[in-house]
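Asks: One structure is given below, represented as structure tokens, and several questions about it will come after.
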Amino acid sequence: MSLVAPGHPLLELQDLHVHYGAIHAIKGISLSVRQGEILTLIGSNGAGKSTTLRAISALVRASGGRILYRGHAIQGYRADQVVGMGIAHCPEGRGVFPAFTVRENLEVGAFLRKDREGIEADIETAFTRFPVLRQRARQPAGTLSGGEQQMLAISRALMCRPALLLLDEPSLGLAPQVVQTIFAIIREINRAGTTILLVEQNAHMALQVAHQACVLDVGTVVASGPAADLARSDEVKKAYLGGH
Amino acid sequence: MTASPWAGKAGALRPGTAAAATAGVTPFAVGLLLAAALQYAVGPAVGPFFSDLLIKIGINVILAVSLNVVNGYTGQFSIGHAGFMAVGGYAAGALTYYTSMLAWGGPQVQGGVFGVGSALFVGACLVGGLVAAAAGWAVGLPSLRLRGDYLAIVTLGFGEIVRVLLQQTQDVPFTADEARALSPVEMATHLGGSLGFSGIPFYTNLFWVWCFVTLTLLVAYRLKESTFGRAFLSIRENEIAAEAMGVDTTRYKVRAFVIAAFFAGVAGALFAHKIGTTLNPRELGFMKSFDIVIMVVLGGMGSISGATIAAVLLTVLPEALRGAADYRMIVYALMLVLVMIVRPQGLFGIREIWELPPFARRRGR
């Protein structure tokens, strides 16, 4: 697949639809994530944020529209094939493998890779980024705190060296201080060259780190634009940032 | 940096098949020696009753360890393992019985432990395994595409279908002439019906049973340590996350299921050729499947040593409690309830006995 220059679209959704049985969860979403940027999807519960990510990573099937990655339509591929293309999904609720040790979790993240040295180097990178993970390397992931599990989940998703990282509610259920750490790391990962599609309910934090933002409501995009502009928009403030 | 249980192997996520094969030779040789020792030293020393018990133990170890690949490693819930045992047992039994009839005029055992008859028998065991594996593929492919409890329902149904079909078969011919009059297709429909398939030559002995036990244990262990095993276990840990990591979950679940069905078929073949067996559809019904599930749950879902020890315990126990045979299922049920309360992850959980204290040195924090 061709390389995408910075600023050009890495991922595009064109009129995406998803149905869960009779429920029309995503009703024609179009958006574009540019190479090197963080785009955040914000919106309330049930707006379709997580479903959008699941459709991109083929965990659910899109019922209509197109998903373009590097200019190629990727809907119809299996989830494991999508990972192979360089799209990593860090699922909601962290989804670490509880009985596996921290290290084993990271190794599964590199499931599709064969380069032994590269994998070891990336585990080392993860340990440097989150020193607590190195301390807990041999501990079952289920015994980690929520914040540590989130750090592990993000590190594990990066183990396949994705071009595009789909992050689903990384701040969910975490203490405010831990949220700060996580967001700082998200920014750092992005600076290191990974494009990020970030789903958040914590719109305030998300709009601070993101370059672009889309506001979803019941399956449609109701506002989009540069994150800084949306953060100032009265409508968005009123609906998602808790007034004033 | 400290070493994890998989350290060193960490990079060997995809070990070469050649390297894996060489590394497997030594333990297999040890297994063969042990099997020979059981056959020629232990067996004669302990007499026929205990030899039979050791054979039963071996067969149950194969069943428990193979079911563990599905129920333990991938966390799916199959409750039809005896169905695959029946498929393999009948396929192998029919193969040796009818071949013996046609080639030697009767179902008598030909040659010794390494005689021509044993060659036929070992071949039949492998064929039984392959037929069961094919059945496993046919059952697994549609039902494993779905998440959830569908597999339990489908495997339960499969076991019952196999039982009912086998009960519908015709009587087995008792003479070579009668056997010769049957076409191969007719042979497949003359399997003894509900009265059972009697007359299968008694080829099963300690040596061959424990050879297959060795094979099963080695395959199960190598699987667990390989990329395959990592994929299996990650599905059990969190299926959606496994999929998001690039594991083709359906394919790996089907693979686990087919491997398990193969060894269930081999176990069925060993059972079919055992002294004192009349291969009977009723014996390989739901109760037998349930016995095997209990062994896996008791031993620890995912632990090979756990499944092995539980299989030994649950084979010896009924013999020890022979006087109270009527209460066996009550004892089993109580035991399961007790284990679920005291140790819900089973005796060993996901780990092996040597990875647990006091056997393992306490490492890390």
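To be explicit about the labels: the chains of the structure tokens are called A, B, and onward in the order shown, and within each one the residues are counted from 1, while ligands get numbers from 1 in the order they are shown.
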Which of range 102-202 of chain B end up as helix (DSSP H, G or I) when DSSP is run on this backbone - answer as a count of residues only?
Replies: 62
Asks: Taking only C-alpha atoms into account, which residues of chain A are within 9 Å of chain B, as an MDAnalysis selection string?
Replies: chainID A and resid 57:59 78:84 88:91 94:101 103:105 107:120 134:139 156:157 160
Asks: Counting only C-alpha atoms, figure out which residue out of B:Ala256, B:Val266, B:Ala64, B:Ala36 gets nearest to Phe84 in chain B.
Replies: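 Among the listed residues, the smallest separation from Phe84 in chain B belongs to B:Val266.
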Asks: Please, what distance in Å, to one decimal, runs between CA of Met340 in chain B and CA of Gly306 in chain B?
Replies: 15.0 Å
Asks: What lies within 8 Å of Ser63 in chain A using only C-alpha atoms, ignoring chain neighbours under 4 positions off, as a PyMOL selection string?
Replies: chain A and resi 16-19
